[in-house]
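**Student:** Let me begin by handing over the structure; questions about it come next.
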Amino acid sequence: MDEFKEEEIESILYIGREVSVYKIPPLKKNEGHRAQEWGDLGNPLWKGRLRIIERSSGVSIQFEDSTTGVLFAKADYDPAKPSVEAVLDSSRYFVVRVEDSGSGRRAYIGMGFLERTDSFDFNVALQDYTKRWRARMNPSEAPSDQPSPHIPAGPKKDYTLKEGQTFSISIPGRAKQSNTIPATPSLLGGSSGGSGLSSGSGGIPALLPPPPSAPRKR
């Protein structure tokens, strides 16, 4: 039944097309490593590619042949016990602790990139994984789904109109219309009053004059 098991999914976090590996001397002081003490940096011990691979079991840094993909060295990366250390005198060189999976022997090797942008991307890939690892190990530190502090607390109010309810809108700046209408001459010679329905003396309804532009009937 083992042949039907699904293969472990791998995620490539970083690929360095060309890296150099150096044999480094033992650390004499506790102040850190310096690339200038590694001898001729133009004559490395090995050249190839580097890949950072994430699996369900963890993350590993693999040094592989650029053409065949044959593994040269491997370093398991544990954020609790980092296996990568930057040197003191350059941003392109690092010291990596590698381990033989068969014998379990450990060794320290020097590693260098051709460009600073490559070493920067290498650092970012490890930092991003470290952040995700810490969030997984300490869920309480991860941001929780709490309501925004900008939203007032308390039950939500329902502002929808119920059946039969109406509302009115008051527009600021609009003056109320006056009930008094200026007097206009009527066809009977009088003048219309405030309502425009009665003449000044009679009580006979007054007719409003036609608009100036409308033709009068003869």
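Labels used: A, B, ... for chains in the order of the structure tokens, numbers from 1 for residues in each chain, and numbers from 1 for ligands as shown.
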Near Arg17 (chain A), within 12 Å and counting only C-alpha atoms, which residues show up once chain neighbours fewer than 5 positions away are dropped, as a list in words?

**Tutor:**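 The neighbour list is Lys47, Gly48, Arg49, Leu50, Arg51, Ile52, Phe63, Glu64, Asp65, Ser66, Thr67, Gly69, Gly112, Phe113, Leu114, Glu115, Asp118, Ser119 and Phe122 of chain A.
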
**Student:** Give me a file of those residues, with N, CA, C and O atoms, as a CSV table (one decimal), in the first residue's frame.

**Tutor:**
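Final output, saved to result-v2.csv:
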chain,number,residue,atom,x,y,z
A,47,LYS,N,31.1,25.2,-6.7
A,47,LYS,CA,30.2,26.1,-7.2
A,47,LYS,C,28.9,25.4,-7.7
A,47,LYS,O,29.0,24.3,-8.2
A,48,GLY,N,27.8,26.0,-7.5
A,48,GLY,CA,26.6,25.4,-7.9
A,48,GLY,C,25.4,26.2,-7.6
A,48,GLY,O,25.5,27.4,-7.4
A,49,ARG,N,24.2,25.6,-7.5
A,49,ARG,CA,23.0,26.4,-7.2
A,49,ARG,C,22.6,26.1,-5.7
A,49,ARG,O,23.0,25.1,-5.2
A,50,LEU,N,21.7,26.9,-5.2
A,50,LEU,CA,21.2,26.8,-3.9
A,50,LEU,C,19.7,26.9,-3.9
A,50,LEU,O,19.1,27.8,-4.6
A,51,ARG,N,19.0,26.0,-3.2
A,51,ARG,CA,17.5,26.0,-3.1
A,51,ARG,C,17.1,25.9,-1.7
A,51,ARG,O,17.6,25.1,-0.9
A,52,ILE,N,16.1,26.8,-1.3
A,52,ILE,CA,15.5,26.6,0.0
A,52,ILE,C,14.1,26.0,-0.3
A,52,ILE,O,13.3,26.5,-1.0
A,63,PHE,N,22.4,22.5,-1.4
A,63,PHE,CA,23.4,22.9,-2.4
A,63,PHE,C,23.5,21.8,-3.4
A,63,PHE,O,23.8,20.6,-3.1
A,64,GLU,N,23.1,22.1,-4.7
A,64,GLU,CA,23.0,21.1,-5.7
A,64,GLU,C,23.8,21.5,-6.9
A,64,GLU,O,24.1,22.7,-7.2
A,65,ASP,N,24.2,20.5,-7.7
A,65,ASP,CA,24.8,20.7,-9.0
A,65,ASP,C,23.9,21.4,-9.9
A,65,ASP,O,22.7,21.0,-10.1
A,66,SER,N,24.4,22.5,-10.6
A,66,SER,CA,23.5,23.3,-11.4
A,66,SER,C,23.0,22.5,-12.6
A,66,SER,O,21.9,22.8,-13.1
A,67,THR,N,23.7,21.5,-13.1
A,67,THR,CA,23.3,20.8,-14.3
A,67,THR,C,22.6,19.5,-13.9
A,67,THR,O,21.5,19.2,-14.5
A,69,GLY,N,21.7,18.4,-10.7
A,69,GLY,CA,20.9,18.4,-9.5
A,69,GLY,C,21.3,17.5,-8.4
A,69,GLY,O,20.6,17.4,-7.4
A,112,GLY,N,29.0,32.1,-0.5
A,112,GLY,CA,29.0,33.5,-1.0
A,112,GLY,C,28.2,33.6,-2.3
A,112,GLY,O,28.0,32.7,-3.1
A,113,PHE,N,27.5,34.8,-2.4
A,113,PHE,CA,26.7,35.1,-3.6
A,113,PHE,C,27.5,36.1,-4.5
A,113,PHE,O,28.4,36.9,-4.0
A,114,LEU,N,27.2,36.1,-5.8
A,114,LEU,CA,27.9,37.0,-6.7
A,114,LEU,C,27.4,38.5,-6.5
A,114,LEU,O,28.1,39.4,-6.6
A,115,GLU,N,26.1,38.6,-6.3
A,115,GLU,CA,25.5,39.9,-6.2
A,115,GLU,C,24.8,40.1,-4.8
A,115,GLU,O,24.3,39.1,-4.2
A,118,ASP,N,21.1,39.0,-4.6
A,118,ASP,CA,20.9,37.6,-4.4
A,118,ASP,C,20.9,37.3,-2.9
A,118,ASP,O,20.1,36.5,-2.4
A,119,SER,N,21.9,37.8,-2.2
A,119,SER,CA,22.0,37.6,-0.7
A,119,SER,C,20.8,38.3,0.0
A,119,SER,O,20.3,37.7,1.0
A,122,PHE,N,17.9,36.0,-0.4
A,122,PHE,CA,18.1,34.8,0.4
A,122,PHE,C,17.7,35.1,1.8
A,122,PHE,O,17.0,34.3,2.5

**Student:** So which residues touch Asp121 (chain A) within 12 Å, counting only C-alpha atoms, skipping near sequence neighbours fewer than 2 positions away, as a PyMOL selection string?

**Tutor:** chain A and resi 13-16+51-52+91-92+113+115-119+123-128

**Student:** Those selected residues, please, written with N, CA, C and O atoms and delivered as a tab-separated table (two decimals), in the first residue's frame.

**Tutor:**
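That gives us out29.tsv:
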chain	number	residue	atom	x	y	z
A	13	LEU	N	11.09	28.08	-1.83
A	13	LEU	CA	11.08	29.43	-1.27
A	13	LEU	C	12.11	30.34	-1.92
A	13	LEU	O	11.93	31.57	-1.95
A	14	TYR	N	13.18	29.76	-2.42
A	14	TYR	CA	14.25	30.57	-3.03
A	14	TYR	C	15.14	29.68	-3.88
A	14	TYR	O	15.38	28.52	-3.55
A	15	ILE	N	15.64	30.27	-4.97
A	15	ILE	CA	16.62	29.60	-5.83
A	15	ILE	C	17.76	30.57	-6.11
A	15	ILE	O	17.53	31.67	-6.63
A	16	GLY	N	18.98	30.17	-5.75
A	16	GLY	CA	20.18	30.93	-6.09
A	16	GLY	C	20.87	30.24	-7.24
A	16	GLY	O	21.34	29.09	-7.09
A	51	ARG	N	19.00	25.97	-3.22
A	51	ARG	CA	17.53	26.03	-3.15
A	51	ARG	C	17.10	25.92	-1.69
A	51	ARG	O	17.63	25.12	-0.93
A	52	ILE	N	16.10	26.76	-1.33
A	52	ILE	CA	15.45	26.65	-0.03
A	52	ILE	C	14.11	25.97	-0.27
A	52	ILE	O	13.26	26.51	-0.98
A	91	SER	N	28.08	41.61	3.18
A	91	SER	CA	26.67	41.21	3.15
A	91	SER	C	26.41	40.08	2.15
A	91	SER	O	25.29	39.61	2.03
A	92	ARG	N	27.46	39.63	1.44
A	92	ARG	CA	27.29	38.59	0.42
A	92	ARG	C	27.73	37.21	0.90
A	92	ARG	O	27.55	36.22	0.19
A	113	PHE	N	27.53	34.81	-2.42
A	113	PHE	CA	26.75	35.14	-3.61
A	113	PHE	C	27.54	36.11	-4.49
A	113	PHE	O	28.38	36.88	-3.99
A	115	GLU	N	26.08	38.61	-6.29
A	115	GLU	CA	25.46	39.93	-6.18
A	115	GLU	C	24.81	40.10	-4.81
A	115	GLU	O	24.34	39.13	-4.21
A	116	ARG	N	24.77	41.35	-4.36
A	116	ARG	CA	24.12	41.64	-3.07
A	116	ARG	C	22.61	41.42	-3.14
A	116	ARG	O	21.98	41.11	-2.14
A	117	THR	N	22.03	41.62	-4.34
A	117	THR	CA	20.58	41.39	-4.47
A	117	THR	C	20.23	39.92	-4.22
A	117	THR	O	19.17	39.61	-3.67
A	118	ASP	N	21.14	39.01	-4.61
A	118	ASP	CA	20.89	37.58	-4.37
A	118	ASP	C	20.93	37.28	-2.88
A	118	ASP	O	20.09	36.52	-2.37
A	119	SER	N	21.90	37.85	-2.17
A	119	SER	CA	21.97	37.61	-0.72
A	119	SER	C	20.79	38.25	0.00
A	119	SER	O	20.31	37.72	1.00
A	123	ASN	N	18.07	36.25	2.34
A	123	ASN	CA	17.70	36.66	3.70
A	123	ASN	C	16.19	36.82	3.85
A	123	ASN	O	15.60	36.40	4.86
A	124	VAL	N	15.54	37.44	2.87
A	124	VAL	CA	14.10	37.68	2.93
A	124	VAL	C	13.33	36.36	2.97
A	124	VAL	O	12.34	36.21	3.71
A	125	ALA	N	13.78	35.38	2.19
A	125	ALA	CA	13.10	34.07	2.17
A	125	ALA	C	13.15	33.41	3.55
A	125	ALA	O	12.16	32.86	4.03
A	126	LEU	N	14.30	33.48	4.21
A	126	LEU	CA	14.41	32.90	5.55
A	126	LEU	C	13.60	33.68	6.57
A	126	LEU	O	12.98	33.11	7.47
A	127	GLN	N	13.57	35.00	6.45
A	127	GLN	CA	12.81	35.83	7.39
A	127	GLN	C	11.32	35.58	7.25
A	127	GLN	O	10.59	35.52	8.26
A	128	ASP	N	10.83	35.46	6.02
A	128	ASP	CA	9.40	35.21	5.81
A	128	ASP	C	8.99	33.86	6.41
A	128	ASP	O	7.93	33.76	7.03

**Student:** Neighbouring residues of Arg105 (chain A) were defined as those with any atom within 12 Å, considering only C-alpha atoms; residues of the same chain fewer than 6 positions away were excluded. Please report them as number ranges by chain.

**Tutor:** A: 73-75, 97-99

**Student:** Quick one: of A:Ile61, A:Val96, A:Ile109, A:Ile9, who's nearest to Leu45 (chain A), counting only C-alpha atoms?

**Tutor:**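 Closest to Leu45 (chain A) of all the choices is A:Ile109.
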
**Student:** When you count only C-alpha atoms, which of these residues is closest to Arg134 (chain A): A:Ala80, A:Ser168, A:Thr160, A:Ala107?

**Tutor:** A:Ala80

**Student:** What is the distance between CA of Asp89 (chain A) and CA of Gln36 (chain A), in Å to one decimal?

**Tutor:**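 Answer for the CA of Asp89 (chain A) to CA of Gln36 (chain A) separation: 7.6 Å.
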
**Student:** Identify all residues of region 8-135 of chain A in alpha helix (DSSP H) (DSSP on the backbone) and supply them as a PDB file with C-alpha atoms, in the first residue's frame.

**Tutor:**
ATOM      1  CA  ARG A 116      24.120  41.639  -3.075  1.00  0.00           C
ATOM      2  CA  THR A 117      20.583  41.393  -4.472  1.00  0.00           C
ATOM      3  CA  ASP A 118      20.894  37.584  -4.370  1.00  0.00           C
ATOM      4  CA  SER A 119      21.974  37.607  -0.723  1.00  0.00           C
ATOM      5  CA  PHE A 120      19.141  40.037   0.074  1.00  0.00           C
ATOM      6  CA  ASP A 121      16.523  37.716  -1.473  1.00  0.00           C
ATOM      7  CA  PHE A 122      18.084  34.783   0.410  1.00  0.00           C
ATOM      8  CA  ASN A 123      17.700  36.662   3.701  1.00  0.00           C
ATOM      9  CA  VAL A 124      14.098  37.679   2.931  1.00  0.00           C
ATOM     10  CA  ALA A 125      13.097  34.073   2.172  1.00  0.00           C
ATOM     11  CA  LEU A 126      14.413  32.900   5.547  1.00  0.00           C
ATOM     12  CA  GLN A 127      12.811  35.827   7.385  1.00  0.00           C
ATOM     13  CA  ASP A 128       9.397  35.210   5.806  1.00  0.00           C
ATOM     14  CA  TYR A 129       9.508  31.551   6.813  1.00  0.00           C
ATOM     15  CA  THR A 130      10.604  32.478  10.346  1.00  0.00           C
ATOM     16  CA  LYS A 131       7.579  34.793  10.716  1.00  0.00           C
ATOM     17  CA  ARG A 132       5.187  32.068   9.606  1.00  0.00           C
ATOM     18  CA  TRP A 133       6.884  29.559  11.899  1.00  0.00           C
ATOM     19  CA  ARG A 134       6.532  31.866  14.915  1.00  0.00           C
ATOM     20  CA  ALA A 135       2.857  32.516  14.129  1.00  0.00           C
TER      21      ALA A 135
END

**Student:** One decimal, in Å: what's the spacing between CA of Glu10 (chain A) and CA of Ser56 (chain A)?

**Tutor:**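 That distance, rounded to one decimal, is 7.9 Å.
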
**Student:** List every residue of region 30-169 of chain A that DSSP, applied to the backbone of this structure, assigns to strand (DSSP E or B), and report them as a ChimeraX atom specification.

**Tutor:** /A:46-55,58-64,71-78,81,84-86,93-99,106-113
